[in-house]
Every structure is written in structure tokens, then in C-alpha cells.
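Following: one structure in C-alpha cells, then a few remarks.
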Amino acid sequence: MQPPQPQPPPTPPPAPARPPQWVALRRVARVSRADPGPPQGSSDFRLALDAPPRLARLAVSPPGSTTGRDATDRPHVVLAADPSGVLLLSGCHGPLAADEPGAGAGASYFLFDAVSSTVRRLPDVPDRPVDGAGTAGLIVAPGAGFMVAEMVPSTARDGSATLHCFSPESGVWINKILRFPDRIRLPWYTAHVVSYSGKLWWVDLSQGLLACDPFAGEPELHFVPFPASVRLVKGDKQRDVSRHRCLSLSGGRLRFVVITAHACVPKIKLWTLANPEAGEWTLDHEAHVEDIWDDQSFKNTGLSKKRPGLALIHPYNPGVVYFFLQEHLFGVDLRAKTVTECATNDHARDDAAASSSLVLAWELPPSLTTSSSGPAHGEEALSTSSFDRIADTASQHKLTWGLASLFADMEFEQLTKIALGYLNYKTKKEENKFKEL
């Protein structure tokens, strides 16, 4: 009788797929030779991909630049961030506010591939009026390559616009004439451009969306107005719209969120564009700001009960919206009316300047990773004790920066000792849990 043959070891189960990662990317890049943080990029473009609720940053170091003058003379603004890892940037003369008239005028466009760390400057758009106001978008279509398209309304305000299109196949800008639909109000103020469902969507936060297929030989503009219940009240200013309105992709669909601007008790409302062709919106979430203020999770942040500014919508969880308040970025679950996470940022020292025009949500390709992991959905991101937050922060950073550097900026040494003691207590408590299993 043959001895039993040894059985091969069982095949280990496949490793769980890494959850998709994303960042809240500052749209205005910093022009500096200083290292913005853990870099991912070329020598001229460097990324610090901090995980939300911290802001990711892009730093640009122009060749030969030795001063910070370029930061005001030629700011670089991220116009689009594609999940493939490609960023579309605009470098233009004069300050650029994404939701103000004139954004994009005199712009030079750059494509930064963060995966391959390569930068390509596109040819300047020929025959564009000096005062032409255009904002470009980036669309990546499987099998069709990519295209950068800039829509410039006619200076004659005759209801027409020129679509400047650039693709690597042609290598030059091709002009296509567009006609604005009759239902829109002119002038059209583009806040940003979104790529969705094979089209580019120009967003005017005061009235709605304009969509077209830039690959078409004769593209037509399709107008989708915002829900009638949130039409702007006469007197609203364009520069203030992005503080209480935001449109972006989340869960593969276009979402629109509003903080009611003219109400005694502000509400947060979120719609989904259910039928793009028919322009039908469905109201998914509605929450009173006071209900969020009264929740313990908000009280734990230490923030004041003030009207926040809208920042962005979570790209994978449309029920979570992020806000700016007092140099903080914090997420809110509109269903539970709780704060999911919160962190300080240097986005703006003036709350009036913090808005959805400052950031965009960027879904990262698998080859790019954030520098630290934020709280997963469903986990307790805000502890009931401030010492919990200090101890958890120490635990996350002790392998990289060291406890000494982590607490270097703390004013009171005693607070450091208490926090470390609390961390040791939590560690022993976790060890006891494992022993009981």
C-alpha cells in the first residue's frame, strides 16, 4: 500500500480589494520650490495626497522661478481631475476665481499625468479674444482617447459660442460653433466643467448645466435647469453662489447640493439628476442645519454654530457632504445628521472665501495612494473625548514623524503627557479584548 501523499497546502483566500481612494484637491496650485509634503509627481509638478478630511495639494515649480511672484501673476488652477490620474490645469495672467466672470481668459492649458509624472503644455488657443471668457474641461473616452474642450461665449452676446477642441490625434485646436438654448440666461458663468456619460457639462451654479459631446462633428448644447424650488433670489451675487451650492459626480451620477440661503433655519438639500435627457431631478436628502448643530458629533468638533460653506460631495457616498467652517473641513452624513470626520486645513482664513470653488473631489487610480488613511464609512471618526482624537493621531503618526515632532507645536507639556497616558490606556484595553477572544 502506497503511503498517503502529502496534500498541498490550501490556497489562501484572495486578499480583499483595496477600497477606492480619493482626495479633496485644492484647485489653486501653490507656486513654490518648497516641498509641499510627501511628493508624487515630476520636478515641476508635485502632489501631496493627504487623505480627507485634509486637503490634497499640488505645488508647481516653474523653471527659473526663484520668488513667489508667479503665485499671483500666473496662478495654476486645476480645472479637471480624471480618475485615470490626469489633471487639466490652467495657467493664466491675473487672479482666477472659478465662479467669477472672466475665469479662463488668456489661459494656457497643461496636462499633468500623475501616474507617469509627465507634463504636457497644450498649444495656445489661436484667435481667441483677449477678453474671451472660457473654461475648459477634460473628457477621456474609451477607444476615442481624450479631448480638452473650451467653450467661449461670443463677445457679441448673440446667443452663440465657440467650442475650442484639442485632441492628441489632431494635435491642433479645432473650432466648432455652438448655439445657446433659448431658455438660458446670458451671460453664462461657468464655475467648472464635469465629464459625465460621454459628454462635458458646463456648470453655472446660478441656473443649471449645459452639456454637449465634443467628439461630435456638429455638437449641440443641451440645457438642464436646476430644480425650480432653488431658483436664485434676485440680488444673489455670482461670487457668493459657490458658498451655498455645489454640483459634482458621486456614485456615478450628477448630484446637486444646496444650503438654503434665504431661510431663518437653513436647510441642506441634495438632488440627483435622475434623467439627464428630460432634466428631471429627485430630492434624495434634506436636513436642517440646526439638527446637525445639536448632535454630539458636531459639538465634539468645537466649531461654532455658524452657517458653513459648501465644499464638495463624497465621490462614492452621495449621502455625505463636506463643508468649510473656521479653517476646518468636515463631513456630514445627511441621513444620520452626524459629523463623520473633521480636520483643520489652511484653505482660507476668511470663512467668506471658503467655498466649493476651492476644491474638487478626485477619484484616484490604483497606482496612486493617499499619504494616510482617513476613517472608513461607518467607523467612528469623531470620538466622544478630545483625548481620543489626540491619542489616535499619535498612533497614526508614531512610525513616520515620531512623537516628538507630533507634539512639538503643543503649548502645554502636560497635555502631551495626558494624551500619551490615554493612548497607553487604550492600547492595554485593546490587548485585553484580544486576550478575552
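Naming scheme: A, B, ... for chains in displayed order of the C-alpha cells; residues 1 onward per chain; ligands 1 onward as shown.
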
Go through segment 159-269 of chain A and flag each residue having an atom no more than 10 Å from segment 125-128 of chain A; for those, report the closest pair of atoms plus their distance in Å to one decimal, using only C-alpha atoms, ordered by chain and rising number, as JSON lines.
{"residue": "A:Thr162", "atom": "CA", "partner": "A:Arg128", "partner_atom": "CA", "distance": 9.5}
{"residue": "A:His164", "atom": "CA", "partner": "A:Val125", "partner_atom": "CA", "distance": 7.5}
{"residue": "A:Cys165", "atom": "CA", "partner": "A:Val125", "partner_atom": "CA", "distance": 9.2}
{"residue": "A:Phe166", "atom": "CA", "partner": "A:Val125", "partner_atom": "CA", "distance": 9.1}
{"residue": "A:Val172", "atom": "CA", "partner": "A:Val125", "partner_atom": "CA", "distance": 8.7}
{"residue": "A:Trp173", "atom": "CA", "partner": "A:Val125", "partner_atom": "CA", "distance": 6.5}
{"residue": "A:Ile174", "atom": "CA", "partner": "A:Val125", "partner_atom": "CA", "distance": 9.2}
{"residue": "A:Asn175", "atom": "CA", "partner": "A:Val125", "partner_atom": "CA", "distance": 9.7}

Segment 222-232 of chain A environment, 7 Å, only C-alpha atoms, sequence neighbours closer than 6 positions dropped, as a compact mmCIF listing (two decimals) with C-alpha atoms, in the first residue's frame:
# COMPACT_ATOMS: atom_id res chain seq x y z
CA PRO A 181 -30.62 77.14 -25.98
CA SER A 206 -26.97 80.17 -10.73
CA GLN A 207 -29.11 78.33 -13.27
CA GLY A 208 -28.06 74.85 -14.43
CA LEU A 209 -25.95 72.74 -16.80
CA LEU A 210 -25.00 72.87 -20.46
CA ALA A 211 -23.94 69.54 -21.96
CA CYS A 212 -22.54 68.54 -25.32
CA GLY A 279 -33.80 67.26 -16.98
CA TRP A 281 -34.12 65.84 -10.56

| task | Would you list the contacts of Val203 of chain A as a ChimeraX atom specification, taking every protein, DNA or RNA residue within 12 Å and counting only C-alpha atoms, but skipping same-chain residues closer than 2 positions in sequence? | result | /A:98-99,135-137,151,188-195,200-201,205-211,222-226,241-242,245-248,254-256,357

| task | Compare A:Gly143, A:Thr11, A:Val28, A:Ala278 by their minimum atom-to-atom distance to Ser90 of chain A, counting only C-alpha atoms, and give me the closest one. | result |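 Ranked by minimum distance to Ser90 of chain A, first place goes to A:Val28.
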
Just the residues within 12 Å of Pro308 of chain A, please, counting only C-alpha atoms, with nothing from its chain fewer than 5 positions along; format it as a PDB file with N, CA, C and O atoms, in the first residue's frame.
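Result went into around35.pdb, see below:
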ATOM      1  N   SER A 242     -21.092  79.862  -4.934  1.00  0.00           N
ATOM      2  CA  SER A 242     -20.360  78.633  -4.648  1.00  0.00           C
ATOM      3  C   SER A 242     -20.231  78.359  -3.152  1.00  0.00           C
ATOM      4  O   SER A 242     -19.811  77.280  -2.769  1.00  0.00           O
ATOM      5  N   ARG A 243     -20.592  79.315  -2.295  1.00  0.00           N
ATOM      6  CA  ARG A 243     -20.569  79.051  -0.857  1.00  0.00           C
ATOM      7  C   ARG A 243     -21.745  78.191  -0.429  1.00  0.00           C
ATOM      8  O   ARG A 243     -21.656  77.475   0.567  1.00  0.00           O
ATOM      9  N   HIS A 244     -22.858  78.272  -1.147  1.00  0.00           N
ATOM     10  CA  HIS A 244     -24.031  77.507  -0.734  1.00  0.00           C
ATOM     11  C   HIS A 244     -24.593  76.627  -1.844  1.00  0.00           C
ATOM     12  O   HIS A 244     -25.715  76.140  -1.758  1.00  0.00           O
ATOM     13  N   ARG A 245     -23.796  76.396  -2.911  1.00  0.00           N
ATOM     14  CA  ARG A 245     -24.200  75.475  -3.966  1.00  0.00           C
ATOM     15  C   ARG A 245     -22.994  74.679  -4.458  1.00  0.00           C
ATOM     16  O   ARG A 245     -21.872  75.190  -4.509  1.00  0.00           O
ATOM     17  N   VAL A 258     -27.474  72.076  -2.005  1.00  0.00           N
ATOM     18  CA  VAL A 258     -27.734  73.492  -1.735  1.00  0.00           C
ATOM     19  C   VAL A 258     -27.902  73.693  -0.241  1.00  0.00           C
ATOM     20  O   VAL A 258     -28.516  72.864   0.449  1.00  0.00           O
ATOM     21  N   ILE A 259     -27.355  74.791   0.272  1.00  0.00           N
ATOM     22  CA  ILE A 259     -27.732  75.302   1.586  1.00  0.00           C
ATOM     23  C   ILE A 259     -28.669  76.471   1.327  1.00  0.00           C
ATOM     24  O   ILE A 259     -28.278  77.445   0.675  1.00  0.00           O
ATOM     25  N   THR A 260     -29.897  76.377   1.781  1.00  0.00           N
ATOM     26  CA  THR A 260     -30.849  77.446   1.524  1.00  0.00           C
ATOM     27  C   THR A 260     -30.304  78.749   2.080  1.00  0.00           C
ATOM     28  O   THR A 260     -29.936  78.846   3.250  1.00  0.00           O
ATOM     29  N   ALA A 261     -30.255  79.748   1.209  1.00  0.00           N
ATOM     30  CA  ALA A 261     -29.575  80.991   1.563  1.00  0.00           C
ATOM     31  C   ALA A 261     -30.497  82.020   2.194  1.00  0.00           C
ATOM     32  O   ALA A 261     -30.025  82.946   2.840  1.00  0.00           O
ATOM     33  N   PRO A 266     -31.623  77.404   8.128  1.00  0.00           N
ATOM     34  CA  PRO A 266     -31.072  76.868   6.877  1.00  0.00           C
ATOM     35  C   PRO A 266     -31.274  75.362   6.764  1.00  0.00           C
ATOM     36  O   PRO A 266     -31.213  74.628   7.753  1.00  0.00           O
ATOM     37  N   LYS A 267     -31.503  74.927   5.537  1.00  0.00           N
ATOM     38  CA  LYS A 267     -31.613  73.509   5.236  1.00  0.00           C
ATOM     39  C   LYS A 267     -30.534  73.115   4.237  1.00  0.00           C
ATOM     40  O   LYS A 267     -30.077  73.931   3.438  1.00  0.00           O
ATOM     41  N   ILE A 268     -30.164  71.855   4.281  1.00  0.00           N
ATOM     42  CA  ILE A 268     -29.261  71.276   3.288  1.00  0.00           C
ATOM     43  C   ILE A 268     -30.083  70.307   2.450  1.00  0.00           C
ATOM     44  O   ILE A 268     -30.700  69.385   2.990  1.00  0.00           O
ATOM     45  N   VAL A 289     -29.917  72.392   9.327  1.00  0.00           N
ATOM     46  CA  VAL A 289     -28.590  72.639   9.872  1.00  0.00           C
ATOM     47  C   VAL A 289     -28.612  72.572  11.397  1.00  0.00           C
ATOM     48  O   VAL A 289     -27.661  72.092  12.028  1.00  0.00           O
ATOM     49  N   GLU A 290     -29.707  73.028  12.008  1.00  0.00           N
ATOM     50  CA  GLU A 290     -29.795  73.007  13.469  1.00  0.00           C
ATOM     51  C   GLU A 290     -29.733  71.584  14.025  1.00  0.00           C
ATOM     52  O   GLU A 290     -29.190  71.357  15.116  1.00  0.00           O
ATOM     53  N   ILE A 292     -27.986  69.181  12.864  1.00  0.00           N
ATOM     54  CA  ILE A 292     -26.565  68.800  12.852  1.00  0.00           C
ATOM     55  C   ILE A 292     -25.834  69.501  13.988  1.00  0.00           C
ATOM     56  O   ILE A 292     -25.008  68.901  14.690  1.00  0.00           O
ATOM     57  N   TRP A 293     -26.131  70.790  14.178  1.00  0.00           N
ATOM     58  CA  TRP A 293     -25.502  71.529  15.272  1.00  0.00           C
ATOM     59  C   TRP A 293     -25.789  70.881  16.631  1.00  0.00           C
ATOM     60  O   TRP A 293     -24.935  70.861  17.511  1.00  0.00           O
ATOM     61  N   LEU A 303     -16.531  73.481  16.904  1.00  0.00           N
ATOM     62  CA  LEU A 303     -16.834  74.553  15.957  1.00  0.00           C
ATOM     63  C   LEU A 303     -18.042  75.355  16.420  1.00  0.00           C
ATOM     64  O   LEU A 303     -18.899  74.860  17.157  1.00  0.00           O
ATOM     65  N   VAL A 321     -21.704  64.933   2.664  1.00  0.00           N
ATOM     66  CA  VAL A 321     -21.317  66.218   2.078  1.00  0.00           C
ATOM     67  C   VAL A 321     -20.301  66.879   2.993  1.00  0.00           C
ATOM     68  O   VAL A 321     -20.400  66.771   4.226  1.00  0.00           O
ATOM     69  N   TYR A 322     -19.326  67.582   2.403  1.00  0.00           N
ATOM     70  CA  TYR A 322     -18.263  68.230   3.166  1.00  0.00           C
ATOM     71  C   TYR A 322     -18.460  69.749   3.156  1.00  0.00           C
ATOM     72  O   TYR A 322     -18.910  70.327   2.169  1.00  0.00           O
ATOM     73  N   PHE A 323     -18.070  70.363   4.292  1.00  0.00           N
ATOM     74  CA  PHE A 323     -18.271  71.790   4.485  1.00  0.00           C
ATOM     75  C   PHE A 323     -16.999  72.436   5.030  1.00  0.00           C
ATOM     76  O   PHE A 323     -16.165  71.780   5.662  1.00  0.00           O
ATOM     77  N   PHE A 324     -16.890  73.756   4.785  1.00  0.00           N
ATOM     78  CA  PHE A 324     -15.835  74.573   5.359  1.00  0.00           C
ATOM     79  C   PHE A 324     -16.407  75.392   6.510  1.00  0.00           C
ATOM     80  O   PHE A 324     -17.508  75.941   6.416  1.00  0.00           O
ATOM     81  N   LEU A 325     -15.644  75.474   7.597  1.00  0.00           N
ATOM     82  CA  LEU A 325     -16.020  76.339   8.704  1.00  0.00           C
ATOM     83  C   LEU A 325     -14.803  76.558   9.594  1.00  0.00           C
ATOM     84  O   LEU A 325     -14.182  75.593  10.060  1.00  0.00           O
ATOM     85  N   GLN A 326     -14.452  77.811   9.797  1.00  0.00           N
ATOM     86  CA  GLN A 326     -13.374  78.183  10.722  1.00  0.00           C
ATOM     87  C   GLN A 326     -12.101  77.377  10.467  1.00  0.00           C
ATOM     88  O   GLN A 326     -11.532  76.761  11.373  1.00  0.00           O
ATOM     89  N   GLU A 327     -11.633  77.402   9.233  1.00  0.00           N
ATOM     90  CA  GLU A 327     -10.398  76.725   8.823  1.00  0.00           C
ATOM     91  C   GLU A 327     -10.471  75.214   9.002  1.00  0.00           C
ATOM     92  O   GLU A 327      -9.444  74.544   9.090  1.00  0.00           O
ATOM     93  N   HIS A 328     -11.658  74.655   9.056  1.00  0.00           N
ATOM     94  CA  HIS A 328     -11.862  73.215   9.153  1.00  0.00           C
ATOM     95  C   HIS A 328     -12.624  72.720   7.920  1.00  0.00           C
ATOM     96  O   HIS A 328     -13.435  73.440   7.342  1.00  0.00           O
ATOM     97  N   LEU A 329     -12.344  71.485   7.551  1.00  0.00           N
ATOM     98  CA  LEU A 329     -13.151  70.763   6.569  1.00  0.00           C
ATOM     99  C   LEU A 329     -13.767  69.580   7.308  1.00  0.00           C
ATOM    100  O   LEU A 329     -13.051  68.789   7.930  1.00  0.00           O
ATOM    101  N   PHE A 330     -15.101  69.474   7.266  1.00  0.00           N
ATOM    102  CA  PHE A 330     -15.753  68.378   7.975  1.00  0.00           C
ATOM    103  C   PHE A 330     -16.851  67.775   7.116  1.00  0.00           C
ATOM    104  O   PHE A 330     -17.479  68.449   6.294  1.00  0.00           O
ATOM    105  N   GLY A 331     -17.050  66.460   7.281  1.00  0.00           N
ATOM    106  CA  GLY A 331     -18.062  65.740   6.535  1.00  0.00           C
ATOM    107  C   GLY A 331     -19.303  65.523   7.380  1.00  0.00           C
ATOM    108  O   GLY A 331     -19.221  65.345   8.596  1.00  0.00           O
ATOM    109  N   VAL A 332     -20.468  65.522   6.709  1.00  0.00           N
ATOM    110  CA  VAL A 332     -21.743  65.325   7.387  1.00  0.00           C
ATOM    111  C   VAL A 332     -22.533  64.241   6.663  1.00  0.00           C
ATOM    112  O   VAL A 332     -22.691  64.290   5.431  1.00  0.00           O
ATOM    113  N   ASP A 350     -10.423  83.329   5.938  1.00  0.00           N
ATOM    114  CA  ASP A 350     -11.704  84.028   5.928  1.00  0.00           C
ATOM    115  C   ASP A 350     -12.778  83.051   5.482  1.00  0.00           C
ATOM    116  O   ASP A 350     -12.728  82.534   4.365  1.00  0.00           O
ATOM    117  N   ASP A 351     -13.749  82.780   6.354  1.00  0.00           N
ATOM    118  CA  ASP A 351     -14.805  81.837   6.004  1.00  0.00           C
ATOM    119  C   ASP A 351     -15.560  82.256   4.759  1.00  0.00           C
ATOM    120  O   ASP A 351     -16.080  81.422   4.025  1.00  0.00           O
ATOM    121  N   ALA A 352     -15.645  83.566   4.511  1.00  0.00           N
ATOM    122  CA  ALA A 352     -16.381  84.043   3.349  1.00  0.00           C
ATOM    123  C   ALA A 352     -15.723  83.610   2.043  1.00  0.00           C
ATOM    124  O   ALA A 352     -16.373  83.571   1.002  1.00  0.00           O
ATOM    125  N   ALA A 353     -14.419  83.269   2.088  1.00  0.00           N
ATOM    126  CA  ALA A 353     -13.711  82.867   0.879  1.00  0.00           C
ATOM    127  C   ALA A 353     -13.679  81.364   0.685  1.00  0.00           C
ATOM    128  O   ALA A 353     -13.222  80.876  -0.352  1.00  0.00           O
ATOM    129  N   ALA A 354     -14.154  80.599   1.667  1.00  0.00           N
ATOM    130  CA  ALA A 354     -14.121  79.139   1.589  1.00  0.00           C
ATOM    131  C   ALA A 354     -15.399  78.643   0.943  1.00  0.00           C
ATOM    132  O   ALA A 354     -16.498  78.831   1.475  1.00  0.00           O
ATOM    133  N   SER A 355     -15.262  77.993  -0.219  1.00  0.00           N
ATOM    134  CA  SER A 355     -16.444  77.576  -0.972  1.00  0.00           C
ATOM    135  C   SER A 355     -16.101  76.389  -1.856  1.00  0.00           C
ATOM    136  O   SER A 355     -14.955  75.937  -1.913  1.00  0.00           O
ATOM    137  N   SER A 356     -17.104  75.903  -2.576  1.00  0.00           N
ATOM    138  CA  SER A 356     -16.908  74.763  -3.474  1.00  0.00           C
ATOM    139  C   SER A 356     -16.005  75.097  -4.650  1.00  0.00           C
ATOM    140  O   SER A 356     -15.573  74.190  -5.362  1.00  0.00           O
TER     141      SER A 356
END

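For Phe110 of chain A, the residues within 8 Å (counting only C-alpha atoms, excluding itself and residues fewer than 2 positions away along the chain) are Leu88, Leu89, Ser90, Gly91, Ser108, Phe112, Val119, Arg120, Arg121 and Leu122 of chain A.
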
Would you save the residues of that selection, restricted to N, CA and C atoms, as a PDB file, in the first residue's frame?
ATOM      1  N   LEU A  88      -6.075  68.401 -15.610  1.00  0.00           N
ATOM      2  CA  LEU A  88      -6.065  69.516 -16.553  1.00  0.00           C
ATOM      3  C   LEU A  88      -5.908  70.789 -15.753  1.00  0.00           C
ATOM      4  N   LEU A  89      -4.860  71.556 -16.084  1.00  0.00           N
ATOM      5  CA  LEU A  89      -4.580  72.792 -15.371  1.00  0.00           C
ATOM      6  C   LEU A  89      -4.598  73.974 -16.322  1.00  0.00           C
ATOM      7  N   SER A  90      -4.904  75.118 -15.742  1.00  0.00           N
ATOM      8  CA  SER A  90      -4.868  76.375 -16.478  1.00  0.00           C
ATOM      9  C   SER A  90      -3.906  77.306 -15.782  1.00  0.00           C
ATOM     10  N   GLY A  91      -2.959  77.852 -16.533  1.00  0.00           N
ATOM     11  CA  GLY A  91      -2.074  78.878 -16.006  1.00  0.00           C
ATOM     12  C   GLY A  91      -2.387  80.158 -16.741  1.00  0.00           C
ATOM     13  N   SER A 108      -3.322  79.316 -20.588  1.00  0.00           N
ATOM     14  CA  SER A 108      -2.550  78.256 -21.216  1.00  0.00           C
ATOM     15  C   SER A 108      -2.876  76.973 -20.469  1.00  0.00           C
ATOM     16  N   PHE A 112      -1.209  67.160 -16.741  1.00  0.00           N
ATOM     17  CA  PHE A 112      -0.253  66.524 -15.833  1.00  0.00           C
ATOM     18  C   PHE A 112      -0.727  65.102 -15.566  1.00  0.00           C
ATOM     19  N   VAL A 119       4.370  66.017 -17.825  1.00  0.00           N
ATOM     20  CA  VAL A 119       3.599  67.234 -18.027  1.00  0.00           C
ATOM     21  C   VAL A 119       3.644  67.611 -19.502  1.00  0.00           C
ATOM     22  N   ARG A 120       2.498  68.002 -20.025  1.00  0.00           N
ATOM     23  CA  ARG A 120       2.432  68.439 -21.417  1.00  0.00           C
ATOM     24  C   ARG A 120       1.693  69.762 -21.478  1.00  0.00           C
ATOM     25  N   ARG A 121       2.334  70.755 -22.062  1.00  0.00           N
ATOM     26  CA  ARG A 121       1.655  72.027 -22.277  1.00  0.00           C
ATOM     27  C   ARG A 121       0.993  71.991 -23.649  1.00  0.00           C
ATOM     28  N   LEU A 122      -0.287  72.318 -23.679  1.00  0.00           N
ATOM     29  CA  LEU A 122      -1.009  72.319 -24.940  1.00  0.00           C
ATOM     30  C   LEU A 122      -0.719  73.606 -25.708  1.00  0.00           C
TER      31      LEU A 122
END

| message | Among segment 193-388 of chain A, which ones does DSSP assign to helix (DSSP H, G or I) (computed from the backbone)? Answer as a ChimeraX atom specification. | response | /A:228-230,238-244,289-294,296-299,351-353,386-388

Print the selection's residues with N, CA and C atoms to a file, as a PDB file, in the first residue's frame.
ATOM      1  N   ALA A 228     -36.698  73.881  -9.780  1.00  0.00           N
ATOM      2  CA  ALA A 228     -37.356  75.185  -9.690  1.00  0.00           C
ATOM      3  C   ALA A 228     -37.412  75.720  -8.275  1.00  0.00           C
ATOM      4  N   SER A 229     -37.409  74.846  -7.288  1.00  0.00           N
ATOM      5  CA  SER A 229     -37.548  75.282  -5.896  1.00  0.00           C
ATOM      6  C   SER A 229     -36.311  75.983  -5.362  1.00  0.00           C
ATOM      7  N   VAL A 230     -35.211  75.939  -6.101  1.00  0.00           N
ATOM      8  CA  VAL A 230     -33.980  76.574  -5.611  1.00  0.00           C
ATOM      9  C   VAL A 230     -33.496  77.636  -6.575  1.00  0.00           C
ATOM     10  N   GLN A 238     -22.854  86.395  -7.958  1.00  0.00           N
ATOM     11  CA  GLN A 238     -22.172  85.238  -8.513  1.00  0.00           C
ATOM     12  C   GLN A 238     -21.053  84.756  -7.600  1.00  0.00           C
ATOM     13  N   ARG A 239     -20.329  85.676  -6.996  1.00  0.00           N
ATOM     14  CA  ARG A 239     -19.175  85.270  -6.193  1.00  0.00           C
ATOM     15  C   ARG A 239     -19.590  84.544  -4.922  1.00  0.00           C
ATOM     16  N   ASP A 240     -20.857  84.680  -4.515  1.00  0.00           N
ATOM     17  CA  ASP A 240     -21.333  84.027  -3.301  1.00  0.00           C
ATOM     18  C   ASP A 240     -22.008  82.695  -3.579  1.00  0.00           C
ATOM     19  N   VAL A 241     -22.320  82.394  -4.840  1.00  0.00           N
ATOM     20  CA  VAL A 241     -23.106  81.209  -5.159  1.00  0.00           C
ATOM     21  C   VAL A 241     -22.385  79.938  -4.730  1.00  0.00           C
ATOM     22  N   SER A 242     -21.092  79.862  -4.934  1.00  0.00           N
ATOM     23  CA  SER A 242     -20.360  78.633  -4.648  1.00  0.00           C
ATOM     24  C   SER A 242     -20.231  78.359  -3.152  1.00  0.00           C
ATOM     25  N   ARG A 243     -20.592  79.315  -2.295  1.00  0.00           N
ATOM     26  CA  ARG A 243     -20.569  79.051  -0.857  1.00  0.00           C
ATOM     27  C   ARG A 243     -21.745  78.191  -0.429  1.00  0.00           C
ATOM     28  N   HIS A 244     -22.858  78.272  -1.147  1.00  0.00           N
ATOM     29  CA  HIS A 244     -24.031  77.507  -0.734  1.00  0.00           C
ATOM     30  C   HIS A 244     -24.593  76.627  -1.844  1.00  0.00           C
ATOM     31  N   VAL A 289     -29.917  72.392   9.327  1.00  0.00           N
ATOM     32  CA  VAL A 289     -28.590  72.639   9.872  1.00  0.00           C
ATOM     33  C   VAL A 289     -28.612  72.572  11.397  1.00  0.00           C
ATOM     34  N   GLU A 290     -29.707  73.028  12.008  1.00  0.00           N
ATOM     35  CA  GLU A 290     -29.795  73.007  13.469  1.00  0.00           C
ATOM     36  C   GLU A 290     -29.733  71.584  14.025  1.00  0.00           C
ATOM     37  N   ASP A 291     -30.294  70.609  13.285  1.00  0.00           N
ATOM     38  CA  ASP A 291     -30.233  69.221  13.748  1.00  0.00           C
ATOM     39  C   ASP A 291     -28.793  68.720  13.799  1.00  0.00           C
ATOM     40  N   ILE A 292     -27.986  69.181  12.864  1.00  0.00           N
ATOM     41  CA  ILE A 292     -26.565  68.800  12.852  1.00  0.00           C
ATOM     42  C   ILE A 292     -25.834  69.501  13.988  1.00  0.00           C
ATOM     43  N   TRP A 293     -26.131  70.790  14.178  1.00  0.00           N
ATOM     44  CA  TRP A 293     -25.502  71.529  15.272  1.00  0.00           C
ATOM     45  C   TRP A 293     -25.789  70.881  16.631  1.00  0.00           C
ATOM     46  N   ASP A 294     -27.004  70.388  16.799  1.00  0.00           N
ATOM     47  CA  ASP A 294     -27.405  69.837  18.097  1.00  0.00           C
ATOM     48  C   ASP A 294     -26.860  68.436  18.359  1.00  0.00           C
ATOM     49  N   GLN A 296     -24.215  65.465  19.064  1.00  0.00           N
ATOM     50  CA  GLN A 296     -22.988  65.420  19.859  1.00  0.00           C
ATOM     51  C   GLN A 296     -21.743  65.395  18.988  1.00  0.00           C
ATOM     52  N   SER A 297     -21.845  64.769  17.810  1.00  0.00           N
ATOM     53  CA  SER A 297     -20.677  64.688  16.923  1.00  0.00           C
ATOM     54  C   SER A 297     -20.224  66.065  16.481  1.00  0.00           C
ATOM     55  N   PHE A 298     -21.162  66.990  16.278  1.00  0.00           N
ATOM     56  CA  PHE A 298     -20.767  68.358  15.918  1.00  0.00           C
ATOM     57  C   PHE A 298     -20.195  69.084  17.130  1.00  0.00           C
ATOM     58  N   LYS A 299     -20.783  68.880  18.284  1.00  0.00           N
ATOM     59  CA  LYS A 299     -20.268  69.527  19.490  1.00  0.00           C
ATOM     60  C   LYS A 299     -18.835  69.099  19.764  1.00  0.00           C
ATOM     61  N   ASP A 351     -13.749  82.780   6.354  1.00  0.00           N
ATOM     62  CA  ASP A 351     -14.805  81.837   6.004  1.00  0.00           C
ATOM     63  C   ASP A 351     -15.560  82.256   4.759  1.00  0.00           C
ATOM     64  N   ALA A 352     -15.645  83.566   4.511  1.00  0.00           N
ATOM     65  CA  ALA A 352     -16.381  84.043   3.349  1.00  0.00           C
ATOM     66  C   ALA A 352     -15.723  83.610   2.043  1.00  0.00           C
ATOM     67  N   ALA A 353     -14.419  83.269   2.088  1.00  0.00           N
ATOM     68  CA  ALA A 353     -13.711  82.867   0.879  1.00  0.00           C
ATOM     69  C   ALA A 353     -13.679  81.364   0.685  1.00  0.00           C
ATOM     70  N   SER A 386     -11.863  64.464  23.554  1.00  0.00           N
ATOM     71  CA  SER A 386     -10.798  65.103  22.787  1.00  0.00           C
ATOM     72  C   SER A 386      -9.499  64.333  22.911  1.00  0.00           C
ATOM     73  N   PHE A 387      -9.285  63.607  24.034  1.00  0.00           N
ATOM     74  CA  PHE A 387      -8.072  62.809  24.197  1.00  0.00           C
ATOM     75  C   PHE A 387      -8.075  61.643  23.222  1.00  0.00           C
ATOM     76  N   ASP A 388      -9.262  61.138  22.868  1.00  0.00           N
ATOM     77  CA  ASP A 388      -9.334  60.087  21.855  1.00  0.00           C
ATOM     78  C   ASP A 388      -8.712  60.560  20.559  1.00  0.00           C
TER      79      ASP A 388
END

| query | What's the 12 Å shell around Ser84 of chain A, counting only C-alpha atoms, without same-chain residues fewer than 6 positions away, as a list in words? | reply | Phe112, Asp113, Ala114, Val115, Ser116, Leu138, Ile139, Val140, Ala141, Pro142, Gly145, Phe146, Trp362, Glu363, Leu364, Pro365, Pro366, Ser367 and Leu368 of chain A

| said: I'd like the interatomic distance between atom CA of Asn300 of chain A and atom CA of Ala287 of chain A, to a tenth of an Å. | reply: 19.4 Å

| field | For Met147 of chain A, the nearest of the candidates A:Arg183, A:Lys306, A:Lys199, A:Lys337, counting only C-alpha atoms | value |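 Closest candidate: A:Lys199.
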
| request: Could you check how far atom CA of Arg27 of chain A sits from atom CA of Leu178 of chain A, in Å to one decimal? | output: 27.8 Å

| message | To test your reading of the structure, identify every residue in segment 78-247 of chain A that backbone DSSP assigns to strand (DSSP E or B), and report it as a PyMOL selection string. | response | chain A and resi 78-81+86-91+108-113+118-121+135-141+145-153+160-166+173-179+192-196+199-204+208-212+222-225+245-247
